[in-house]
Every structure is written in C-alpha cells, then in structure tokens.
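As provided, upload.cif (mmCIF, C-alpha atoms) reads as follows.
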data_run
loop_
_atom_site.label_atom_id
_atom_site.label_comp_id
_atom_site.auth_asym_id
_atom_site.auth_seq_id
_atom_site.Cartn_x
_atom_site.Cartn_y
_atom_site.Cartn_z
CA MET R 56 -224.72 57.91 81.51
CA SER R 57 -222.69 55.90 84.05
CA LYS R 58 -221.29 57.56 87.17
CA LYS R 59 -218.41 55.80 88.89
CA PHE R 60 -217.47 56.18 92.51
CA TRP R 61 -214.06 54.95 93.67
CA ALA R 62 -213.21 53.98 97.23
CA ALA R 63 -210.52 55.94 99.06
CA LEU R 64 -209.40 56.22 102.63
CA PHE R 65 -209.92 59.96 103.09
CA VAL R 66 -212.45 61.62 100.82
CA PHE R 67 -215.21 64.18 100.91
CA PRO R 68 -218.79 63.45 99.76
CA ALA R 69 -218.45 65.86 96.87
CA LEU R 70 -215.90 63.51 95.30
CA LEU R 71 -218.59 60.79 95.22
CA SER R 72 -216.09 58.16 96.32
CA ILE R 73 -217.48 54.97 97.80
CA SER R 74 -216.00 52.27 99.94
CA LEU R 75 -218.77 49.97 101.07
CA LEU R 76 -218.38 47.76 104.13
CA LEU R 77 -221.69 45.95 104.37
CA ALA R 78 -221.50 43.02 106.75
CA SER R 79 -219.36 41.46 109.42
CA CYS R 80 -217.97 38.16 108.19
CA GLN R 81 -216.75 35.42 110.49
CA SER R 82 -213.72 35.00 108.30
CA ALA R 83 -212.25 37.36 105.73
CA LYS R 84 -209.07 35.41 105.00
CA LYS R 85 -210.58 33.40 102.13
CA SER R 86 -211.67 34.72 98.73
CA ARG R 87 -209.95 38.08 99.27
CA ASP R 88 -208.61 37.96 95.74
CA LYS R 89 -212.19 37.81 94.41
CA THR R 90 -214.85 40.47 94.14
CA LEU R 91 -218.59 40.13 94.59
CA ARG R 92 -220.61 42.07 92.04
CA LEU R 93 -224.17 43.10 92.86
CA LEU R 94 -226.60 44.85 90.51
CA PHE R 95 -229.94 46.37 91.50
CA ALA R 96 -232.59 47.18 88.90
CA GLY R 97 -236.22 48.19 89.43
CA ASP R 98 -239.63 46.90 88.33
CA ILE R 99 -240.12 44.36 85.55
CA MET R 100 -243.66 44.89 84.26
CA ALA R 101 -245.63 43.63 81.26
CA HIS R 102 -248.26 45.91 79.81
CA THR R 103 -249.98 45.08 76.53
CA GLN R 104 -247.30 46.64 74.33
CA ASN R 105 -244.64 44.66 76.20
CA PHE R 106 -246.12 41.18 76.02
CA ASN R 107 -247.26 41.65 72.39
CA MET R 108 -243.61 41.57 71.27
CA ALA R 109 -242.52 38.69 69.08
CA ASP R 110 -239.15 38.27 70.84
CA TYR R 111 -238.90 39.11 74.54
CA SER R 112 -235.13 38.64 74.55
CA ALA R 113 -234.82 41.82 72.45
CA ILE R 114 -235.91 43.84 75.50
CA TRP R 115 -232.65 43.08 77.26
CA ASP R 116 -230.03 43.17 74.50
CA ASP R 117 -228.58 46.58 75.39
CA ILE R 118 -227.97 45.73 79.06
CA ARG R 119 -227.57 41.94 78.87
CA GLU R 120 -223.79 41.96 79.23
CA GLN R 121 -223.93 44.34 82.19
CA VAL R 122 -226.62 42.40 84.04
CA SER R 123 -225.06 38.99 83.49
CA ALA R 124 -221.61 40.22 84.57
CA ALA R 125 -222.86 40.65 88.13
CA ASP R 126 -222.95 37.67 90.46
CA PHE R 127 -226.42 38.61 91.66
CA SER R 128 -228.78 40.94 89.78
CA PHE R 129 -231.98 42.06 91.52
CA ALA R 130 -235.36 43.02 90.06
CA ASN R 131 -238.95 43.23 91.28
CA LEU R 132 -241.26 41.05 89.16
CA GLU R 133 -244.51 43.00 89.25
CA SER R 134 -247.01 40.28 88.35
CA PRO R 135 -248.13 36.74 89.08
CA VAL R 136 -246.80 34.15 86.63
CA VAL R 137 -249.52 31.70 85.58
CA GLU R 138 -248.98 29.55 82.51
CA ASP R 139 -252.60 28.46 81.95
CA ARG R 140 -254.03 31.98 81.97
CA PRO R 141 -253.53 34.64 79.27
CA PHE R 142 -251.28 37.66 79.61
CA GLU R 143 -253.15 40.43 81.39
CA SER R 144 -252.32 44.11 81.74
CA TYR R 145 -253.43 46.82 84.16
CA PRO R 146 -255.26 46.72 86.53
CA THR R 147 -254.80 42.98 87.16
CA PHE R 148 -251.57 41.59 85.78
CA ASN R 149 -250.50 38.15 84.68
CA MET R 150 -247.39 36.97 82.87
CA LYS R 151 -246.75 33.72 81.11
CA PRO R 152 -243.35 32.18 82.02
CA SER R 153 -241.81 33.10 78.66
CA TYR R 154 -241.72 36.78 79.62
CA PRO R 155 -239.68 36.57 82.86
CA ALA R 156 -237.62 33.75 81.35
CA ALA R 157 -236.11 36.29 78.95
CA ALA R 158 -235.09 38.43 81.94
CA PHE R 159 -233.46 35.43 83.63
CA ASP R 160 -231.61 34.61 80.41
CA ALA R 161 -230.34 38.20 80.46
CA GLY R 162 -228.86 37.61 83.92
CA PHE R 163 -231.45 38.58 86.53
CA ASN R 164 -231.29 36.03 89.33
CA LEU R 165 -232.42 37.72 92.56
CA ILE R 166 -236.16 38.21 92.22
CA SER R 167 -238.81 39.78 94.44
CA LEU R 168 -242.32 38.36 94.05
CA ALA R 169 -243.80 40.61 96.75
CA ASN R 170 -245.73 43.64 95.52
CA ASN R 171 -249.25 45.01 95.29
CA HIS R 172 -249.97 42.81 92.27
CA SER R 173 -248.86 39.53 93.88
CA ASN R 174 -252.42 38.32 94.40
CA ASP R 175 -253.99 39.74 91.20
CA MET R 176 -254.81 36.18 90.08
CA GLY R 177 -256.09 35.09 93.48
CA SER R 178 -254.95 32.18 95.62
CA SER R 179 -254.61 29.86 92.62
CA GLY R 180 -252.37 32.44 90.94
CA ILE R 181 -250.16 32.69 94.02
CA LYS R 182 -249.87 28.90 94.16
CA ALA R 183 -249.04 28.70 90.46
CA THR R 184 -246.42 31.46 90.79
CA ASN R 185 -244.88 29.71 93.79
CA GLU R 186 -244.69 26.38 91.94
CA TRP R 187 -243.23 28.07 88.86
CA SER R 188 -240.55 29.83 90.93
CA LYS R 189 -239.55 26.55 92.60
CA GLU R 190 -239.19 24.93 89.21
CA VAL R 191 -237.08 27.83 87.92
CA GLU R 192 -234.85 27.60 91.01
CA MET R 193 -234.40 23.85 90.65
CA LYS R 194 -233.64 23.96 86.93
CA SER R 195 -231.19 26.83 87.34
CA GLN R 196 -229.34 25.00 90.10
CA ASN R 197 -229.19 21.85 87.98
CA ARG R 198 -227.65 23.84 85.13
CA VAL R 199 -225.01 25.21 87.48
CA GLN R 200 -224.13 21.72 88.70
CA LYS R 201 -223.92 20.29 85.19
CA GLN R 202 -221.85 23.10 83.73
CA SER R 203 -218.31 22.00 83.07
CA ALA R 204 -215.50 24.14 84.42
CA LYS R 205 -213.81 23.71 81.05
CA SER R 206 -216.68 25.23 79.06
CA LYS R 207 -215.30 28.76 79.09
CA ASP R 208 -216.97 29.72 75.82
CA THR R 209 -220.51 28.95 77.02
CA PRO R 210 -222.62 31.46 78.99
CA ARG R 211 -222.10 31.18 82.73
CA ALA R 212 -224.94 29.28 84.40
CA ARG R 213 -226.59 31.23 87.20
CA PRO R 214 -228.83 30.06 90.03
CA VAL R 215 -232.06 32.07 90.34
CA HIS R 216 -233.37 32.96 93.82
CA PHE R 217 -236.84 34.18 94.79
CA SER R 218 -238.51 35.66 97.86
CA GLY R 219 -241.93 37.18 98.42
CA LEU R 220 -244.53 34.40 98.76
CA THR R 221 -245.02 32.60 102.06
CA GLU R 222 -244.12 28.97 102.67
CA ASN R 223 -246.14 27.03 105.24
CA GLY R 224 -247.40 30.31 106.65
CA GLN R 225 -243.88 31.74 107.09
CA PHE R 226 -242.05 34.44 105.16
CA SER R 227 -239.99 32.96 102.35
CA ILE R 228 -236.28 33.68 102.66
CA ALA R 229 -233.65 33.04 100.02
CA GLU R 230 -230.44 31.77 101.63
CA PHE R 231 -227.44 31.11 99.40
CA TYR R 232 -223.68 31.47 99.23
CA TRP R 233 -220.99 33.36 97.39
CA HIS R 234 -218.00 31.10 97.99
CA GLU R 235 -218.11 30.47 101.76
CA TYR R 236 -220.08 33.64 102.57
CA LYS R 237 -223.77 33.44 103.34
CA ILE R 238 -226.17 35.88 101.65
CA LEU R 239 -229.73 36.34 102.87
CA PHE R 240 -232.48 37.89 100.74
CA VAL R 241 -236.04 38.63 101.84
CA ALA R 242 -238.71 40.52 99.87
CA VAL R 243 -241.90 41.92 101.41
CA THR R 244 -244.78 44.18 100.44
CA GLU R 245 -246.81 46.68 102.44
CA LEU R 246 -249.48 46.84 99.73
CA LEU R 247 -251.89 44.42 98.07
CA ASN R 248 -254.57 45.31 95.54
CA THR R 249 -256.99 43.03 97.36
CA TRP R 250 -256.80 41.79 100.93
CA LYS R 251 -257.81 38.28 99.94
CA ASN R 252 -255.07 35.71 100.51
CA TYR R 253 -252.72 38.27 102.07
CA GLU R 254 -251.37 35.52 104.33
CA GLU R 255 -249.91 33.84 101.22
CA VAL R 256 -247.64 36.83 100.52
CA ASN R 257 -244.74 38.22 102.57
CA TYR R 258 -246.98 41.02 103.81
CA VAL R 259 -246.06 43.75 106.32
CA PRO R 260 -248.86 46.04 107.57
CA PRO R 261 -247.90 49.68 106.79
CA THR R 262 -248.45 50.81 110.37
CA LYS R 263 -246.05 51.71 113.16
CA LYS R 264 -246.85 48.42 114.85
CA GLY R 265 -246.55 46.43 111.64
CA ARG R 266 -243.24 48.01 110.67
CA ALA R 267 -241.84 47.60 114.18
CA ALA R 268 -242.74 43.91 114.12
CA PHE R 269 -240.96 43.48 110.77
CA VAL R 270 -237.88 45.28 112.09
CA GLN R 271 -237.82 42.78 114.95
CA LYS R 272 -238.23 39.94 112.47
CA ILE R 273 -235.19 41.18 110.53
CA ALA R 274 -233.22 41.39 113.79
CA GLY R 275 -234.22 37.81 114.55
CA MET R 276 -233.15 36.61 111.08
CA LYS R 277 -229.82 38.37 111.49
CA GLU R 278 -229.17 36.72 114.84
CA GLU R 279 -230.45 33.25 113.97
CA LEU R 280 -229.14 32.87 110.42
CA ALA R 281 -226.01 35.05 110.77
CA PRO R 282 -225.67 36.16 107.14
CA ASP R 283 -222.52 37.84 105.94
CA LEU R 284 -224.66 40.01 103.65
CA PHE R 285 -228.36 40.78 104.20
CA ILE R 286 -230.49 42.25 101.39
CA VAL R 287 -234.07 43.38 102.08
CA SER R 288 -236.56 44.40 99.38
CA VAL R 289 -239.62 46.43 100.44
CA HIS R 290 -242.57 47.24 98.20
CA THR R 291 -243.46 50.25 100.25
CA SER R 292 -246.78 51.85 101.10
CA GLU R 293 -246.46 55.35 99.70
CA GLU R 294 -247.76 57.39 96.83
CA GLU R 295 -246.63 56.41 93.34
CA TYR R 296 -244.99 58.78 90.84
CA VAL R 297 -243.45 61.03 93.51
CA LEU R 298 -239.73 61.79 93.53
CA THR R 299 -239.41 62.66 97.22
CA VAL R 300 -239.29 60.16 100.07
CA LEU R 301 -241.45 60.38 103.18
CA ASP R 302 -239.61 60.86 106.49
CA SER R 303 -241.54 57.91 107.91
CA VAL R 304 -240.23 55.69 105.11
CA LYS R 305 -236.66 56.87 105.68
CA LYS R 306 -236.97 56.06 109.39
CA PHE R 307 -238.38 52.61 108.61
CA TYR R 308 -235.50 51.77 106.30
CA HIS R 309 -232.90 53.06 108.74
CA ASP R 310 -234.52 50.91 111.43
CA LEU R 311 -234.07 47.93 109.11
CA LEU R 312 -230.39 48.79 108.68
CA ASP R 313 -229.99 49.05 112.44
CA ALA R 314 -231.68 45.65 112.82
CA GLY R 315 -229.14 43.96 110.57
CA ALA R 316 -230.02 44.66 106.94
CA ASP R 317 -227.07 45.78 104.82
CA ILE R 318 -228.86 46.90 101.66
CA VAL R 319 -232.51 47.97 101.54
CA VAL R 320 -233.97 48.26 98.05
CA SER R 321 -237.40 49.86 97.72
CA ASN R 322 -239.96 49.63 94.94
CA HIS R 323 -243.49 50.82 94.08
CA PRO R 324 -242.95 54.53 93.15
CA HIS R 325 -242.22 53.61 89.46
CA VAL R 326 -239.80 56.54 89.29
CA VAL R 327 -236.10 56.85 90.09
CA ARG R 328 -235.38 58.13 93.60
CA PRO R 329 -232.15 58.83 95.50
CA LEU R 330 -229.53 56.35 96.58
CA GLU R 331 -228.56 56.81 100.24
CA LEU R 332 -225.07 55.88 101.42
CA VAL R 333 -224.53 55.48 105.16
CA ALA R 334 -220.87 56.11 105.98
CA ASP R 335 -218.65 55.66 108.99
CA LYS R 336 -217.22 59.01 110.11
CA GLU R 337 -213.93 57.56 111.25
CA SER R 338 -213.04 55.17 108.43
CA LYS R 339 -214.89 57.13 105.72
CA LYS R 340 -216.27 53.80 104.48
CA ILE R 341 -219.88 53.37 103.42
CA ARG R 342 -221.26 50.55 105.55
CA LYS R 343 -224.93 50.52 104.55
CA ALA R 344 -227.03 51.50 101.53
CA ILE R 345 -230.66 52.33 100.79
CA ILE R 346 -231.98 52.39 97.23
CA TYR R 347 -235.21 54.37 97.54
CA ALA R 348 -236.41 53.32 94.07
CA ASN R 349 -234.82 52.40 90.74
CA GLY R 350 -237.94 53.14 88.71
CA ASN R 351 -239.25 50.89 85.96
CA THR R 352 -236.70 48.64 84.34
CA ILE R 353 -239.23 47.77 81.65
CA SER R 354 -242.91 48.66 81.38
CA GLY R 355 -245.45 50.17 79.04
CA GLN R 356 -246.53 52.94 81.38
CA ARG R 357 -245.02 55.73 79.28
CA ARG R 358 -247.05 55.11 76.14
CA VAL R 359 -246.58 58.59 74.67
CA LEU R 360 -243.53 60.83 74.89
CA ASN R 361 -244.40 64.31 76.15
CA TYR R 362 -242.24 66.37 73.82
CA ASP R 363 -243.69 69.64 75.10
CA ASP R 364 -242.91 68.88 78.76
CA PRO R 365 -240.34 66.07 79.10
CA THR R 366 -240.03 66.61 82.87
CA GLU R 367 -243.74 66.10 83.61
CA ILE R 368 -243.87 63.33 86.23
CA TRP R 369 -245.42 60.62 84.02
CA ASN R 370 -242.34 60.78 81.78
CA TYR R 371 -240.29 59.34 84.65
CA THR R 372 -242.19 56.02 84.38
CA GLY R 373 -240.29 55.20 81.19
CA ASP R 374 -236.88 55.49 82.85
CA GLY R 375 -234.94 53.42 85.34
CA ARG R 376 -231.56 53.00 86.95
CA LEU R 377 -229.07 50.19 87.48
CA VAL R 378 -226.98 50.46 90.65
CA GLU R 379 -223.90 48.24 90.85
CA PHE R 380 -221.55 47.47 93.70
CA GLU R 381 -218.22 45.69 93.22
CA MET R 382 -217.32 44.42 96.65
CA ALA R 383 -214.21 42.91 98.16
CA LEU R 384 -213.37 41.66 101.64
CA ASP R 385 -211.23 42.94 104.47
CA GLU R 386 -210.92 41.86 108.11
CA GLN R 387 -214.32 43.36 108.90
CA GLY R 388 -216.25 41.96 105.95
CA PHE R 389 -217.49 43.27 102.61
CA PHE R 390 -216.64 46.71 101.28
CA ALA R 391 -217.06 48.23 97.82
CA LEU R 392 -214.12 48.79 95.57
CA ASN R 393 -216.43 50.89 93.40
CA CYS R 394 -220.05 51.61 92.60
CA SER R 395 -221.63 52.67 89.33
CA THR R 396 -225.00 54.08 88.36
CA THR R 397 -226.43 53.61 84.86
CA PHE R 398 -229.62 55.29 83.69
CA ILE R 399 -231.82 53.31 81.31
CA THR R 400 -234.92 54.13 79.31
CA ALA R 401 -237.72 52.41 77.41
CA TYR R 402 -237.38 53.22 73.72
CA ALA R 403 -239.66 52.22 70.86
CA PRO R 404 -238.24 52.82 67.35
CA PRO R 405 -240.40 54.83 64.93
CA GLY R 406 -243.41 52.79 63.88
CA GLU R 407 -243.05 50.33 66.76
CA ARG R 408 -245.27 50.12 69.85
CA SER R 409 -243.17 47.75 71.94
CA PRO R 410 -240.24 49.39 73.74
CA VAL R 411 -236.85 47.88 74.48
CA ILE R 412 -234.32 48.98 77.08
CA LYS R 413 -231.57 51.38 76.09
CA ARG R 414 -228.79 52.91 78.13
CA LEU R 415 -229.77 56.53 78.54
CA ASP R 416 -226.48 58.26 77.86
CA ASP R 417 -224.85 60.71 75.45
CA ASN R 418 -224.08 57.96 72.94
CA PHE R 419 -227.73 56.94 72.70
CA ILE R 420 -228.86 60.55 72.32
CA LYS R 421 -226.25 61.22 69.64
CA ALA R 422 -227.21 58.05 67.74
CA LEU R 423 -230.86 59.15 67.64
CA ALA R 424 -229.88 62.50 66.13
CA GLU R 425 -227.68 60.80 63.54
CA LYS R 426 -230.60 58.56 62.50
CA GLY R 427 -232.77 61.61 61.95
CA GLU R 428 -234.77 61.22 65.17
CA LYS R 429 -233.98 64.75 66.28
CA LYS R 430 -237.22 65.19 68.20
CA ASN R 431 -236.57 61.99 70.13
CA SER R 432 -232.96 63.01 70.65
CA ARG R 433 -233.98 66.27 72.29
CA TYR R 434 -236.60 64.48 74.42
CA TYR R 435 -234.17 61.89 75.80
CA GLU R 436 -231.55 64.56 76.36
CA ALA R 437 -234.05 66.35 78.61
CA ARG R 438 -234.86 63.06 80.35
CA LEU R 439 -231.21 62.39 81.09
CA ALA R 440 -230.77 65.91 82.49
CA ALA R 441 -233.80 65.41 84.74
CA LEU R 442 -232.49 62.12 86.12
CA LYS R 443 -229.08 63.64 86.84
CA LYS R 444 -230.78 66.10 89.18
CA ILE R 445 -231.75 63.25 91.53
CA LYS R 446 -228.88 63.53 93.99
CA ASP R 447 -227.48 60.81 96.21
CA ILE R 448 -227.88 61.20 99.98
CA TRP R 449 -224.87 60.88 102.28
CA THR R 450 -225.38 60.03 105.94
CA TRP R 451 -222.40 59.99 108.28
CA ARG R 452 -222.36 57.98 111.51
#
Is it possible to give me this structure as structure tokens?
Amino acid sequence: MSKKFWAALFVFPALLSISLLLASCQSAKKSRDKTLRLLFAGDIMAHTQNFNMADYSAIWDDIREQVSAADFSFANLESPVVEDRPFESYPTFNMKPSYPAAAFDAGFNLISLANNHSNDMGSSGIKATNEWSKEVEMKSQNRVQKQSAKSKDTPRARPVHFSGLTENGQFSIAEFYWHEYKILFVAVTELLNTWKNYEEVNYVPPTKKGRAAFVQKIAGMKEELAPDLFIVSVHTSEEEYVLTVLDSVKKFYHDLLDAGADIVVSNHPHVVRPLELVADKESKKIRKAIIYANGNTISGQRRVLNYDDPTEIWNYTGDGRLVEFEMALDEQGFFALNCSTTFITAYAPPGERSPVIKRLDDNFIKALAEKGEKKNSRYYEARLAALKKIKDIWTWR
C-alpha cells in the first residue's frame, strides 16, 4: 500500500509530512515550474526461476507506469552481464542482456553495477559488463536525441546511466543533467565474493580507514564537480537478512551526508529496512535522506511461501519497496513536494514457478481472495502487515 507524505511549513513527525531540500543550487530561478521525480528500488536479481521465463517484460507490468513516470529510477543490478556466457544462478551469477533490457524498458535508468557479485565472471566478465553498459548508455542517448518533440503518443525515451565499475583505475561516476541542474551518481561496494580483480570495481574497504577515505573522496567530488544533487549507492558490508541497521553503518552514511551526499541508498541486506529523513529543526524541511535497504525488487530467493510463519525472516526476501520523491526548487535548491512509499512483492500464480512483481496492497490481497487463492491472500496480508511495522527514522538537526 502507498503512503504519501506532504510537505508543510510547520509539522510534527507523526504527521509523516516531508519537504525535502537536498542540494544547494547555484541558481533556482529556472525550471521552478517543473518537478524532478526520483524513484529508488532495490536489487534486481536473476535466479533460475527468473531467467527461465519466456517473457521478461511481464515481470515489470504492474509497476511499469510508476517506474517510467520518474525522471530517474534507481536499481542495483546484482550480476555481471555477459552475452557469450549462459545465465547462471547462485552462487555465481550471470545475466544475458535481454534480462536487464526488460528492466530498462520498464523505466529503470540509474543503475548500480557495484555489489558482491560484480566479479563473479572474473576480469573478462567485468570487461564485458563494462562494454555492455557503455553500449546501453550510447544507444539510450541516441534514442533521446532522435525522439521528436511532436511524438507525444510514443513512450518517452530515457537515457540510462551506470556506475560501479572502474575506468582507467578510477571510480566511475555518472554525471548528467536535469534541465540545467547537475546530478552526480556514484555506486560502490564494500563486498566482493572473490578478491580477484577488485581494482576493476568501485571497491571501498569496510574498515574505519577505508570508509574514512571514501568519505573524503565524496567530499572531493562535491567540491570539484559541484553537483546540485548527489546520489551515493553503497553495497554495504553487513549481515544479510537482518532488519536492523548497525550503528557503525548509520555513522558511515551520516558521514557521507556531511561530506556532500544528498541521498544515500544502501543495498545487500535483501530485506526492506527503514528510510531515514534528516530534517532541519528551524525550517522543518527534510534536507537529506538515507534508504537503508529497499529489499529485492525481483529475485527467486523466496521459492516457497511459509504459510505457517509468514514473518519468518526468509519471507522478507520476496518483498521490496519503491521510494519516490517529487522535488521542486526554491532559492536554496531542491526540496520535495511529496514522497511516497510503495511495497511490492514477488508473486507466482498457481502452477507457475516464475514470479512477477505485484504491488503489495489491499487491492492485490482482495483480488487473490476473489480468485479463490484464500491461502495466498492471507499470506500476503500478513506480509503487508509485517512491512508496515518497519518505521521511518526522523533525525532533526
């Protein structure tokens, strides 16, 4: 079910109102009649039951309109992408380009390639993934340039941006614009399944020294590149399938905010975790945000539904969350007119092994009951109740 938060000048946290001022722009006089829409999803994975589908586009049908409506929609692509190797599932992943292409067609266009599976296919797999991502970027930009302004009835062309694999020994950074405003996106990982070729991935050692060095790197990017909006994705070194967040991780992410990041989005837990909103005490506006994990957007991790204990931790791996910000501009920069949270779930119809994404809300639960899937209806009702218990964090400065 979607929760909407509306910005107001004087509100209390209990009202869940949000006004998000994220970055200091050099000029806020232009484009003030427009709004920037950002959407953050979680992990895009491909286990055997996912890549054995006949039509990958079917995965995204229920959220396609929502994802494509945003200007930039983020997801973590948890696999190398190598055309000349077969699909591979856990423990070493590989996707063929057709699988992520369906996600891009659905609207995802801000993609992290940095995670513990980045080097599952070795150095050649990293190179192939890098070359593939460059080709996707180029083709998407060409489509944008060729699209006629008069073609209102055709789907809006969207450039796709990647970060996560190094370029000439340096961290890859996606730098692009929304109108005249510069957006910076960098994705890193603190984990790799093998230490071979770690220098080919945006890798941050999960130590105090390593994290401190990355914080300084973010501060340097902020000063040198002067983005109006700075988004940082971290595949964090912490235990999977745990709903709580380590204090050391919270400190690390707050240090990144202090260094210049505006939104930090974390992945690796494979479960939904809190959203933290950092607000200004005086203006009551939320100026920073941390998404501690949006869970799995699509995966095959939850192979069997635990009807007897729907809140057992493994059940969380079949659920995810979409966090959206609709942002406008004032004299200080970006702020959110509103924010919405949508829970999603992986659902396989009776007799099917391959799940598709469904909005996890009352309408979906009611529809299952009406189709005679009463057992499934009760299960997903319990899942929705469990996800609603994950409360947002408010921090006032």
Considering all atoms listed in the file, return as a PDB file with C-alpha atoms, keeping the file's coordinate frame whatever protein or nucleic-acid residues lie within 7 Å of range 147-154 of chain R, sequence-local ones (same chain, fewer than 3 positions apart) excluded.
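Okay, around_0.pdb is ready:
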ATOM      1  CA  TYR R 111    -238.900  39.110  74.540  1.00  0.00           C
ATOM      2  CA  SER R 134    -247.010  40.280  88.350  1.00  0.00           C
ATOM      3  CA  PRO R 135    -248.130  36.740  89.080  1.00  0.00           C
ATOM      4  CA  VAL R 136    -246.800  34.150  86.630  1.00  0.00           C
ATOM      5  CA  VAL R 137    -249.520  31.700  85.580  1.00  0.00           C
ATOM      6  CA  GLU R 138    -248.980  29.550  82.510  1.00  0.00           C
ATOM      7  CA  PHE R 142    -251.280  37.660  79.610  1.00  0.00           C
ATOM      8  CA  GLU R 143    -253.150  40.430  81.390  1.00  0.00           C
ATOM      9  CA  SER R 144    -252.320  44.110  81.740  1.00  0.00           C
ATOM     10  CA  ALA R 157    -236.110  36.290  78.950  1.00  0.00           C
ATOM     11  CA  HIS R 172    -249.970  42.810  92.270  1.00  0.00           C
ATOM     12  CA  ASP R 175    -253.990  39.740  91.200  1.00  0.00           C
TER      13      ASP R 175
END
Can you list, as a short mmCIF file (atom, residue, chain, number, x, y, z; two decimals) with C-alpha atoms, in the coordinates of the input, the residues that the PyMOL selection byres ((chain R and resi 400) around 6) selects here?
data_model
loop_
_atom_site.label_atom_id
_atom_site.label_comp_id
_atom_site.auth_asym_id
_atom_site.auth_seq_id
_atom_site.Cartn_x
_atom_site.Cartn_y
_atom_site.Cartn_z
CA GLY R 373 -240.29 55.20 81.19
CA ASP R 374 -236.88 55.49 82.85
CA ILE R 399 -231.82 53.31 81.31
CA ALA R 401 -237.72 52.41 77.41
CA ILE R 412 -234.32 48.98 77.08
CA LYS R 413 -231.57 51.38 76.09
CA LEU R 415 -229.77 56.53 78.54
#
Can you list, as a PyMOL selection string, every protein, DNA or RNA residue that comes within 12 Å of Lys443 in chain R when you count only C-alpha atoms, leaving out same-chain residues fewer than 2 positions away? chain R and resi 56-58+327-329+374-376+396-398+415-416+436-441+445-447
Could I get the residues of range 316-407 of chain R with an atom no further than 9 Å from an atom of range 98-104 of chain R, each paired with its nearest atom pair and that distance in Å to one decimal, using all atoms listed in the file, sorted by chain and residue number, as a tab-separated table?
residue	atom	partner	partner_atom	distance
R:Asn322	CA	R:Asp98	CA	7.2
R:His323	CA	R:Asp98	CA	8.0
R:His325	CA	R:Asp98	CA	7.3
R:Asn349	CA	R:Asp98	CA	7.7
R:Gly350	CA	R:Asp98	CA	6.5
R:Asn351	CA	R:Asp98	CA	4.7
R:Thr352	CA	R:Asp98	CA	5.2
R:Ile353	CA	R:Ile99	CA	5.3
R:Ser354	CA	R:Met100	CA	4.8
R:Gly355	CA	R:His102	CA	5.2
R:Gln356	CA	R:His102	CA	7.4
R:Arg358	CA	R:Gln104	CA	8.7
R:Gly375	CA	R:Asp98	CA	8.6
With only C-alpha atoms as the counted atoms, please give the residues lying no more than 8 Å from range 248-261 of chain R, apart from itself and same-chain residues fewer than 4 positions off, as an NGL selection string. :R and (169 or 171-175 or 177-178 or 181 or 219-222 or 224-227 or 242-244 or 265-266 or 269 or 291-292)
Could you write those residues out with C-alpha atoms, as a PDB file, in the frame of the given file?
ATOM      1  CA  ALA R 169    -243.800  40.610  96.750  1.00  0.00           C
ATOM      2  CA  ASN R 171    -249.250  45.010  95.290  1.00  0.00           C
ATOM      3  CA  HIS R 172    -249.970  42.810  92.270  1.00  0.00           C
ATOM      4  CA  SER R 173    -248.860  39.530  93.880  1.00  0.00           C
ATOM      5  CA  ASN R 174    -252.420  38.320  94.400  1.00  0.00           C
ATOM      6  CA  ASP R 175    -253.990  39.740  91.200  1.00  0.00           C
ATOM      7  CA  GLY R 177    -256.090  35.090  93.480  1.00  0.00           C
ATOM      8  CA  SER R 178    -254.950  32.180  95.620  1.00  0.00           C
ATOM      9  CA  ILE R 181    -250.160  32.690  94.020  1.00  0.00           C
ATOM     10  CA  GLY R 219    -241.930  37.180  98.420  1.00  0.00           C
ATOM     11  CA  LEU R 220    -244.530  34.400  98.760  1.00  0.00           C
ATOM     12  CA  THR R 221    -245.020  32.600 102.060  1.00  0.00           C
ATOM     13  CA  GLU R 222    -244.120  28.970 102.670  1.00  0.00           C
ATOM     14  CA  GLY R 224    -247.400  30.310 106.650  1.00  0.00           C
ATOM     15  CA  GLN R 225    -243.880  31.740 107.090  1.00  0.00           C
ATOM     16  CA  PHE R 226    -242.050  34.440 105.160  1.00  0.00           C
ATOM     17  CA  SER R 227    -239.990  32.960 102.350  1.00  0.00           C
ATOM     18  CA  ALA R 242    -238.710  40.520  99.870  1.00  0.00           C
ATOM     19  CA  VAL R 243    -241.900  41.920 101.410  1.00  0.00           C
ATOM     20  CA  THR R 244    -244.780  44.180 100.440  1.00  0.00           C
ATOM     21  CA  GLY R 265    -246.550  46.430 111.640  1.00  0.00           C
ATOM     22  CA  ARG R 266    -243.240  48.010 110.670  1.00  0.00           C
ATOM     23  CA  PHE R 269    -240.960  43.480 110.770  1.00  0.00           C
ATOM     24  CA  THR R 291    -243.460  50.250 100.250  1.00  0.00           C
ATOM     25  CA  SER R 292    -246.780  51.850 101.100  1.00  0.00           C
TER      26      SER R 292
END
Output check: residues returned by the PyMOL selection byres ((chain R and resi 332-334) around 10), as a PyMOL selection string: chain R and resi 68+73-77+309+312+318+329-331+335-346+447-452
Listed atoms of range 254-266 of chain R boxed along x, y and z, 6 Å each side, centre and edge lengths in Å, one decimal, as AutoDock Vina command-line options:
--center_x -247.3 --center_y 42.8 --center_z 107.7 --size_x 20.1 --size_y 29.9 --size_z 26.3
Which residue is closest to Tyr402 in chain R? Choose from R:Ala274, R:Leu168, R:Ala113, R:Ala158 and count all atoms listed in the file. R:Ala113
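If you measure from each of R:Thr299, R:Leu239, R:Asn393, R:Glu245 to Pro282 in chain R using all atoms listed in the file, the closest one turns out to be R:Leu239.
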